[in-house]
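Report on the structure given below.
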Amino acid sequence: AGAIVTLASGRMYPLVATLLEELRLIHPVICYGGAMIVRASSGEPVFERGVPLDLARDVIREARRRDLTARVYVGNVVFVDRLDPDRFNAESLRRVNAVEVGDLVGFLSRDPSHLAIDAPPDQTRALVNLMRAQYEGILNVTTGHPLLTEFSHRDVHKGSALVWLCEHFGIPVAESLAIGDDWNDIEMLRSAGVGVAVANAHPDVLAIADDIVPSVEEGGVAVALERYVLSRPT
């Protein structure tokens with residue numbers, strides 16, 4: 001139909017590369033919740049705006065005060081103070097090949113691409129709200145993962161990345177469609193010409209969506225594409 005299709009993820013590029021290949025997507029993909037936009041074929045950044053170094057160090061210290069793990073993403077590598085095989089997040093850190101450095105505050109020498117604090121799943125959203133209050137107007141705080149309270153530059157989110165891509169391709173933002181399900185999708189759905197939530201989305205996402213389609217399991221993404229892309233007059 002001539003539409004440009006891509007993914008907008010909170011994940012790093014290596015964790016979406018397989019999906020890009022399977023879906024045969026060729027256009028730049030949004031990673032780290034908007035902090036990085038990369039070429040689908042190579043992972044080479046075409047846009048990057050990380051967390052200011054002084055604020056990243058402050059978040060790391062905040063995690064330590066709460067006896068939680070801060071994970072710092074520099075490019076496509078994840079760094080942590082230490083790896084504990086008995087902690088609730090051990091498997092999650094193993095999956096991303098996290099590197100133990102002993103002292104993240106001392107180790108960091110540049111703005112990290114992305115930053116997160118790991119918390120048990122039943123504590124994550126409460127921690128997001130606490131961190132939003134603490135860093136209001138200073139950092140963007142959200143979540144798209146059961147364990148992660150995620151931090152970005154205050155002006156960075158999936159919505160800002162969508163606007164950047166539209167400008168990059170010369171497409172009016174009003175002509176864009178975004179589909180999402182979690183807190184880190186809210187700004188994107190608000191920014192898009194049409195913001196669609198799948199039925200199994202978080203209630204906060206359902207509340208701001210322009211339209212709601214069936215759940216992911218029921219093919220809701222396909223329904224949205226058929227409704228807003230494939231059925232358009234050519």
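Within each chain, counting starts at residue 1; across the structure tokens, chains are named A, B, ... in the order shown, with ligands numbered 1 upward in that order.
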
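For stretch 121-214 of chain A, a DSSP pass over the backbone yields strand (DSSP E or B) at Leu139, Asn140, Val141, Thr142, Thr143, Gly144, His145, Leu148, Thr149, Glu150, Phe151, Ser152, His153, Leu177, Ala178, Ile179, Gly180, Val194, Gly195, Val196, Ala197, Val198, Asp211, Ile212 and Val213 of chain A.
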
Can I get the selected residues back with N, CA, C and O atoms, as a compact mmCIF listing (two decimals), in the first residue's frame?
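Printed below is part.txt as written:
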```txt
# COMPACT_ATOMS: atom_id res chain seq x y z
N LEU A 139 13.73 14.21 33.90
CA LEU A 139 13.87 12.99 33.11
C LEU A 139 12.48 12.47 32.74
O LEU A 139 11.50 12.71 33.47
N ASN A 140 12.41 11.76 31.64
CA ASN A 140 11.19 11.03 31.30
C ASN A 140 11.29 9.65 31.94
O ASN A 140 12.28 8.94 31.75
N VAL A 141 10.28 9.27 32.70
CA VAL A 141 10.28 7.99 33.41
C VAL A 141 9.06 7.19 33.00
O VAL A 141 7.93 7.70 33.03
N THR A 142 9.25 5.93 32.62
CA THR A 142 8.14 5.11 32.16
C THR A 142 8.48 3.64 32.34
O THR A 142 9.51 3.29 32.91
N THR A 143 7.63 2.77 31.82
CA THR A 143 7.93 1.34 31.79
C THR A 143 7.23 0.68 30.61
O THR A 143 6.14 1.10 30.22
N GLY A 144 7.87 -0.32 30.08
CA GLY A 144 7.27 -1.18 29.06
C GLY A 144 7.69 -2.62 29.31
O GLY A 144 7.57 -3.47 28.44
N HIS A 145 8.17 -2.88 30.53
CA HIS A 145 8.71 -4.19 30.90
C HIS A 145 8.36 -4.45 32.35
O HIS A 145 8.43 -3.55 33.19
N LEU A 148 11.23 -3.24 34.76
CA LEU A 148 12.06 -2.06 34.52
C LEU A 148 11.33 -0.73 34.70
O LEU A 148 10.29 -0.49 34.08
N THR A 149 11.90 0.12 35.53
CA THR A 149 11.57 1.53 35.57
C THR A 149 12.60 2.22 34.69
O THR A 149 13.79 2.22 35.01
N GLU A 150 12.15 2.79 33.58
CA GLU A 150 13.06 3.24 32.53
C GLU A 150 13.18 4.76 32.50
O GLU A 150 12.19 5.48 32.63
N PHE A 151 14.40 5.24 32.28
CA PHE A 151 14.71 6.67 32.32
C PHE A 151 15.29 7.11 30.97
O PHE A 151 16.18 6.45 30.43
N SER A 152 14.78 8.23 30.47
CA SER A 152 15.29 8.83 29.25
C SER A 152 15.47 10.32 29.45
O SER A 152 15.00 10.89 30.44
N HIS A 153 16.17 10.96 28.52
CA HIS A 153 16.22 12.42 28.49
C HIS A 153 14.80 12.95 28.60
O HIS A 153 13.85 12.34 28.08
N LEU A 177 0.13 6.42 11.99
CA LEU A 177 -0.65 5.49 12.81
C LEU A 177 0.29 4.84 13.81
O LEU A 177 1.39 4.41 13.44
N ALA A 178 -0.10 4.80 15.08
CA ALA A 178 0.70 4.12 16.09
C ALA A 178 -0.19 3.13 16.84
O ALA A 178 -1.35 3.42 17.13
N ILE A 179 0.38 1.97 17.15
CA ILE A 179 -0.35 0.92 17.86
C ILE A 179 0.47 0.55 19.10
O ILE A 179 1.67 0.31 19.00
N GLY A 180 -0.17 0.50 20.26
CA GLY A 180 0.59 0.21 21.48
C GLY A 180 -0.25 -0.40 22.57
O GLY A 180 -1.47 -0.58 22.42
N VAL A 194 -3.37 8.88 14.32
CA VAL A 194 -4.32 7.95 14.94
C VAL A 194 -3.55 7.08 15.91
O VAL A 194 -2.57 6.43 15.52
N GLY A 195 -3.97 7.07 17.16
CA GLY A 195 -3.35 6.23 18.18
C GLY A 195 -4.27 5.09 18.56
O GLY A 195 -5.38 5.33 19.04
N VAL A 196 -3.82 3.87 18.32
CA VAL A 196 -4.65 2.68 18.52
C VAL A 196 -4.10 1.83 19.65
O VAL A 196 -2.89 1.58 19.71
N ALA A 197 -4.98 1.37 20.53
CA ALA A 197 -4.60 0.44 21.59
C ALA A 197 -5.20 -0.92 21.30
O ALA A 197 -6.34 -1.02 20.82
N VAL A 198 -4.43 -1.98 21.59
CA VAL A 198 -4.99 -3.32 21.53
C VAL A 198 -5.81 -3.54 22.80
O VAL A 198 -5.57 -2.91 23.84
N ASP A 211 -8.75 4.69 19.12
CA ASP A 211 -9.51 3.50 18.74
C ASP A 211 -8.93 2.31 19.48
O ASP A 211 -7.76 2.31 19.88
N ILE A 212 -9.76 1.30 19.70
CA ILE A 212 -9.33 0.07 20.36
C ILE A 212 -9.67 -1.09 19.44
O ILE A 212 -10.79 -1.20 18.94
N VAL A 213 -8.67 -1.94 19.21
CA VAL A 213 -8.84 -3.11 18.35
C VAL A 213 -8.72 -4.36 19.21
O VAL A 213 -8.37 -4.27 20.39
```

Practice task
Write down as a ChimeraX atom specification the residues belonging to stretch 117-226 of chain A that are assigned helix (DSSP H, G or I) by DSSP computed on the backbone.
Solution key: /A:124-134,158-169,173-175,183-191,203-208,220-226

Can you write just those residues out, N, CA and C atoms, as a compact mmCIF listing (two decimals), in the first residue's frame?
```txt
# COMPACT_ATOMS: atom_id res chain seq x y z
N THR A 124 7.05 -2.47 40.27
CA THR A 124 7.55 -1.64 39.18
C THR A 124 6.73 -0.38 38.95
N ARG A 125 5.42 -0.51 38.81
CA ARG A 125 4.62 0.67 38.47
C ARG A 125 4.59 1.68 39.62
N ALA A 126 4.61 1.19 40.85
CA ALA A 126 4.69 2.12 41.98
C ALA A 126 6.02 2.87 41.96
N LEU A 127 7.10 2.16 41.61
CA LEU A 127 8.40 2.81 41.52
C LEU A 127 8.43 3.83 40.39
N VAL A 128 7.81 3.51 39.27
CA VAL A 128 7.72 4.48 38.18
C VAL A 128 7.07 5.77 38.66
N ASN A 129 5.96 5.65 39.37
CA ASN A 129 5.27 6.84 39.86
C ASN A 129 6.12 7.63 40.85
N LEU A 130 6.85 6.94 41.72
CA LEU A 130 7.75 7.62 42.66
C LEU A 130 8.85 8.36 41.92
N MET A 131 9.43 7.69 40.92
CA MET A 131 10.52 8.31 40.18
C MET A 131 10.03 9.46 39.30
N ARG A 132 8.80 9.35 38.79
CA ARG A 132 8.24 10.46 38.03
C ARG A 132 8.12 11.71 38.90
N ALA A 133 7.67 11.52 40.12
CA ALA A 133 7.55 12.65 41.04
C ALA A 133 8.93 13.22 41.38
N GLN A 134 9.90 12.34 41.55
CA GLN A 134 11.24 12.78 41.95
C GLN A 134 11.98 13.50 40.83
N LYS A 158 8.76 7.60 22.87
CA LYS A 158 8.39 7.05 21.57
C LYS A 158 7.66 8.09 20.71
N GLY A 159 6.93 8.99 21.36
CA GLY A 159 6.24 10.03 20.60
C GLY A 159 7.21 10.96 19.91
N SER A 160 8.26 11.38 20.61
CA SER A 160 9.26 12.26 19.98
C SER A 160 9.97 11.54 18.84
N ALA A 161 10.19 10.24 19.01
CA ALA A 161 10.84 9.47 17.94
C ALA A 161 9.93 9.34 16.72
N LEU A 162 8.64 9.17 16.95
CA LEU A 162 7.70 9.10 15.83
C LEU A 162 7.71 10.42 15.06
N VAL A 163 7.69 11.54 15.77
CA VAL A 163 7.74 12.85 15.11
C VAL A 163 9.03 12.99 14.30
N TRP A 164 10.16 12.53 14.87
CA TRP A 164 11.44 12.61 14.16
C TRP A 164 11.38 11.80 12.87
N LEU A 165 10.83 10.60 12.94
CA LEU A 165 10.74 9.75 11.75
C LEU A 165 9.84 10.39 10.68
N CYS A 166 8.73 10.95 11.11
CA CYS A 166 7.84 11.60 10.14
C CYS A 166 8.57 12.74 9.43
N GLU A 167 9.31 13.54 10.20
CA GLU A 167 10.08 14.63 9.59
C GLU A 167 11.16 14.08 8.67
N HIS A 168 11.79 13.00 9.08
CA HIS A 168 12.85 12.36 8.27
C HIS A 168 12.32 11.93 6.91
N PHE A 169 11.11 11.39 6.90
CA PHE A 169 10.53 10.89 5.65
C PHE A 169 9.64 11.92 4.95
N VAL A 173 2.78 14.34 10.45
CA VAL A 173 2.50 13.50 11.62
C VAL A 173 1.02 13.08 11.62
N ALA A 174 0.16 13.93 11.09
CA ALA A 174 -1.28 13.62 11.03
C ALA A 174 -1.56 12.39 10.19
N GLU A 175 -0.60 12.02 9.33
CA GLU A 175 -0.78 10.84 8.48
C GLU A 175 -0.21 9.57 9.10
N TRP A 183 2.57 1.73 29.15
CA TRP A 183 2.82 3.12 29.50
C TRP A 183 3.81 3.79 28.56
N ASN A 184 4.83 3.06 28.11
CA ASN A 184 5.83 3.70 27.24
C ASN A 184 5.32 3.96 25.83
N ASP A 185 4.06 3.59 25.56
CA ASP A 185 3.44 3.88 24.26
C ASP A 185 2.54 5.10 24.30
N ILE A 186 2.24 5.62 25.48
CA ILE A 186 1.22 6.66 25.60
C ILE A 186 1.57 7.91 24.80
N GLU A 187 2.80 8.41 24.93
CA GLU A 187 3.18 9.62 24.18
C GLU A 187 3.13 9.38 22.68
N MET A 188 3.46 8.18 22.24
CA MET A 188 3.42 7.86 20.83
C MET A 188 1.99 7.87 20.30
N LEU A 189 1.08 7.27 21.06
CA LEU A 189 -0.32 7.26 20.63
C LEU A 189 -0.90 8.66 20.61
N ARG A 190 -0.48 9.49 21.55
CA ARG A 190 -0.96 10.87 21.57
C ARG A 190 -0.38 11.68 20.42
N SER A 191 0.86 11.39 20.02
CA SER A 191 1.52 12.14 18.96
C SER A 191 1.02 11.77 17.58
N PRO A 203 -4.98 -0.16 31.19
CA PRO A 203 -6.14 0.75 31.20
C PRO A 203 -5.79 2.20 30.88
N ASP A 204 -4.62 2.67 31.29
CA ASP A 204 -4.23 4.05 31.00
C ASP A 204 -4.04 4.27 29.50
N VAL A 205 -3.62 3.23 28.80
CA VAL A 205 -3.44 3.31 27.34
C VAL A 205 -4.81 3.27 26.66
N LEU A 206 -5.67 2.40 27.12
CA LEU A 206 -7.02 2.33 26.56
C LEU A 206 -7.74 3.67 26.71
N ALA A 207 -7.48 4.37 27.81
CA ALA A 207 -8.19 5.62 28.10
C ALA A 207 -7.83 6.74 27.14
N ILE A 208 -6.63 6.72 26.56
CA ILE A 208 -6.22 7.83 25.70
C ILE A 208 -6.24 7.48 24.21
N GLY A 220 -5.12 -8.11 16.82
CA GLY A 220 -5.50 -6.70 16.83
C GLY A 220 -4.63 -5.80 15.98
N VAL A 221 -3.33 -6.08 15.91
CA VAL A 221 -2.45 -5.26 15.09
C VAL A 221 -2.84 -5.37 13.62
N ALA A 222 -3.15 -6.58 13.18
CA ALA A 222 -3.58 -6.77 11.80
C ALA A 222 -4.89 -6.04 11.53
N VAL A 223 -5.80 -6.07 12.51
CA VAL A 223 -7.07 -5.35 12.36
C VAL A 223 -6.81 -3.86 12.16
N ALA A 224 -5.91 -3.30 12.97
CA ALA A 224 -5.60 -1.87 12.85
C ALA A 224 -5.00 -1.55 11.48
N LEU A 225 -4.09 -2.38 11.00
CA LEU A 225 -3.47 -2.14 9.70
C LEU A 225 -4.50 -2.24 8.57
N GLU A 226 -5.38 -3.21 8.68
CA GLU A 226 -6.43 -3.34 7.65
C GLU A 226 -7.38 -2.15 7.68
```

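When the distance limit is 8 Å and only C-alpha atoms are what count, the residues near A:Ile26, minus those fewer than 4 positions from it on the same chain, are A:Thr6, A:Leu20, A:Arg39, A:Ala40, A:Ser41.
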
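Atom pair atom CA of A:Arg57 / atom CA of A:Ala17 has a distance of 29.4 Å (rounded to one decimal).
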
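Compared by their closest atoms to A:Gly34, and using only C-alpha atoms, the residues A:Leu230, A:Val156, A:Val16, A:Ile60 rank with A:Val156 nearest.
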
Can you tell me, as an mmCIF file with N, CA and C atoms, in the first residue's frame, what residues are no more than 12 Å from A:Ile37 when counting only C-alpha atoms, ignoring any on the same chain fewer than 4 positions away?
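As a result, around-v6.cif now contains:
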```
data_model
loop_
_atom_site.group_PDB
_atom_site.id
_atom_site.type_symbol
_atom_site.label_atom_id
_atom_site.label_comp_id
_atom_site.auth_asym_id
_atom_site.auth_seq_id
_atom_site.Cartn_x
_atom_site.Cartn_y
_atom_site.Cartn_z
ATOM 1 N N THR A 6 7.346 0.312 10.672
ATOM 2 C CA THR A 6 8.499 0.001 11.503
ATOM 3 C C THR A 6 8.037 -0.361 12.903
ATOM 4 N N LEU A 7 8.993 -0.632 13.775
ATOM 5 C CA LEU A 7 8.710 -0.987 15.166
ATOM 6 C C LEU A 7 9.188 0.131 16.088
ATOM 7 N N ALA A 8 8.486 0.298 17.192
ATOM 8 C CA ALA A 8 8.896 1.228 18.247
ATOM 9 C C ALA A 8 8.976 0.426 19.534
ATOM 10 N N SER A 9 10.191 0.223 20.028
ATOM 11 C CA SER A 9 10.403 -0.680 21.149
ATOM 12 C C SER A 9 11.205 -0.013 22.259
ATOM 13 N N GLY A 10 10.994 -0.481 23.475
ATOM 14 C CA GLY A 10 11.861 -0.092 24.580
ATOM 15 C C GLY A 10 13.160 -0.876 24.586
ATOM 16 N N ARG A 11 13.246 -1.887 23.758
ATOM 17 C CA ARG A 11 14.407 -2.780 23.743
ATOM 18 C C ARG A 11 15.577 -2.195 22.968
ATOM 19 N N MET A 12 16.736 -2.796 23.170
ATOM 20 C CA MET A 12 17.910 -2.465 22.378
ATOM 21 C C MET A 12 17.809 -3.148 21.007
ATOM 22 N N TYR A 13 18.601 -2.647 20.058
ATOM 23 C CA TYR A 13 18.523 -3.154 18.689
ATOM 24 C C TYR A 13 18.718 -4.670 18.589
ATOM 25 N N HIS A 27 13.001 -0.062 7.203
ATOM 26 C CA HIS A 27 13.130 1.340 7.572
ATOM 27 C C HIS A 27 13.659 1.478 9.005
ATOM 28 N N PRO A 28 14.172 2.651 9.365
ATOM 29 C CA PRO A 28 14.727 2.825 10.705
ATOM 30 C C PRO A 28 13.742 2.437 11.799
ATOM 31 N N VAL A 29 14.276 1.844 12.861
ATOM 32 C CA VAL A 29 13.463 1.326 13.952
ATOM 33 C C VAL A 29 13.756 2.120 15.222
ATOM 34 N N ILE A 30 12.720 2.349 16.009
ATOM 35 C CA ILE A 30 12.848 3.072 17.272
ATOM 36 C C ILE A 30 13.234 2.093 18.370
ATOM 37 N N CYS A 31 14.339 2.360 19.060
ATOM 38 C CA CYS A 31 14.801 1.522 20.163
ATOM 39 C C CYS A 31 14.919 2.356 21.437
ATOM 40 N N TYR A 32 15.085 1.649 22.563
ATOM 41 C CA TYR A 32 15.250 2.329 23.856
ATOM 42 C C TYR A 32 14.155 3.367 24.100
ATOM 43 N N GLY A 33 12.936 3.063 23.677
ATOM 44 C CA GLY A 33 11.822 3.952 23.936
ATOM 45 C C GLY A 33 11.934 5.316 23.289
ATOM 46 N N SER A 42 21.498 -2.603 9.791
ATOM 47 C CA SER A 42 22.812 -2.650 10.419
ATOM 48 C C SER A 42 22.833 -2.306 11.903
ATOM 49 N N GLY A 43 21.778 -1.674 12.386
ATOM 50 C CA GLY A 43 21.779 -1.206 13.765
ATOM 51 C C GLY A 43 22.538 0.092 13.949
ATOM 52 N N GLU A 44 22.986 0.693 12.874
ATOM 53 C CA GLU A 44 23.723 1.958 12.959
ATOM 54 C C GLU A 44 22.765 3.082 13.361
ATOM 55 N N PRO A 45 23.089 3.847 14.397
ATOM 56 C CA PRO A 45 22.186 4.918 14.827
ATOM 57 C C PRO A 45 22.078 6.035 13.787
ATOM 58 N N VAL A 46 20.860 6.495 13.571
ATOM 59 C CA VAL A 46 20.647 7.704 12.772
ATOM 60 C C VAL A 46 20.193 8.844 13.689
ATOM 61 N N PHE A 47 19.832 8.503 14.915
ATOM 62 C CA PHE A 47 19.490 9.484 15.949
ATOM 63 C C PHE A 47 19.797 8.865 17.307
ATOM 64 N N GLU A 48 20.365 9.660 18.214
ATOM 65 C CA GLU A 48 20.594 9.186 19.576
ATOM 66 C C GLU A 48 20.593 10.380 20.522
ATOM 67 N N ARG A 49 19.870 10.240 21.617
ATOM 68 C CA ARG A 49 19.880 11.257 22.666
ATOM 69 C C ARG A 49 19.771 10.541 24.006
ATOM 70 N N GLY A 50 20.893 10.464 24.706
ATOM 71 C CA GLY A 50 20.962 9.671 25.921
ATOM 72 C C GLY A 50 20.576 10.435 27.173
ATOM 73 N N GLY A 75 25.349 2.171 23.995
ATOM 74 C CA GLY A 75 25.252 1.481 22.719
ATOM 75 C C GLY A 75 24.399 0.240 22.883
ATOM 76 N N SER A 113 23.067 5.581 26.663
ATOM 77 C CA SER A 113 21.967 5.593 25.707
ATOM 78 C C SER A 113 20.623 5.461 26.416
ATOM 79 N N VAL A 156 12.687 12.877 25.489
ATOM 80 C CA VAL A 156 12.760 11.658 24.672
ATOM 81 C C VAL A 156 11.705 10.651 25.102
ATOM 82 N N HIS A 157 10.947 10.186 24.134
ATOM 83 C CA HIS A 157 9.987 9.097 24.322
ATOM 84 C C HIS A 157 9.605 8.587 22.937
ATOM 85 N N LYS A 158 8.760 7.596 22.871
ATOM 86 C CA LYS A 158 8.391 7.054 21.565
ATOM 87 C C LYS A 158 7.664 8.085 20.708
ATOM 88 N N SER A 160 8.263 11.383 20.610
ATOM 89 C CA SER A 160 9.256 12.258 19.983
ATOM 90 C C SER A 160 9.967 11.541 18.840
ATOM 91 N N ALA A 161 10.192 10.244 19.009
ATOM 92 C CA ALA A 161 10.839 9.466 17.943
ATOM 93 C C ALA A 161 9.933 9.340 16.722
ATOM 94 N N LEU A 162 8.638 9.166 16.951
ATOM 95 C CA LEU A 162 7.700 9.104 15.832
ATOM 96 C C LEU A 162 7.708 10.417 15.056
ATOM 97 N N VAL A 163 7.692 11.535 15.772
ATOM 98 C CA VAL A 163 7.736 12.846 15.106
ATOM 99 C C VAL A 163 9.028 12.988 14.300
ATOM 100 N N TRP A 164 10.165 12.534 14.872
ATOM 101 C CA TRP A 164 11.443 12.609 14.165
ATOM 102 C C TRP A 164 11.384 11.801 12.872
ATOM 103 N N LEU A 165 10.826 10.596 12.944
ATOM 104 C CA LEU A 165 10.741 9.754 11.747
ATOM 105 C C LEU A 165 9.843 10.385 10.683
ATOM 106 N N HIS A 168 11.790 12.996 9.078
ATOM 107 C CA HIS A 168 12.850 12.364 8.272
ATOM 108 C C HIS A 168 12.320 11.929 6.912
#
```

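Going from atom CA of A:Pro121 to atom CA of A:Val77 covers 23.3 Å.
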
Counting only C-alpha atoms, the residue among A:Arg87, A:Arg24, A:Arg61, A:Arg110 that lies closest to A:Val74 is A:Arg110
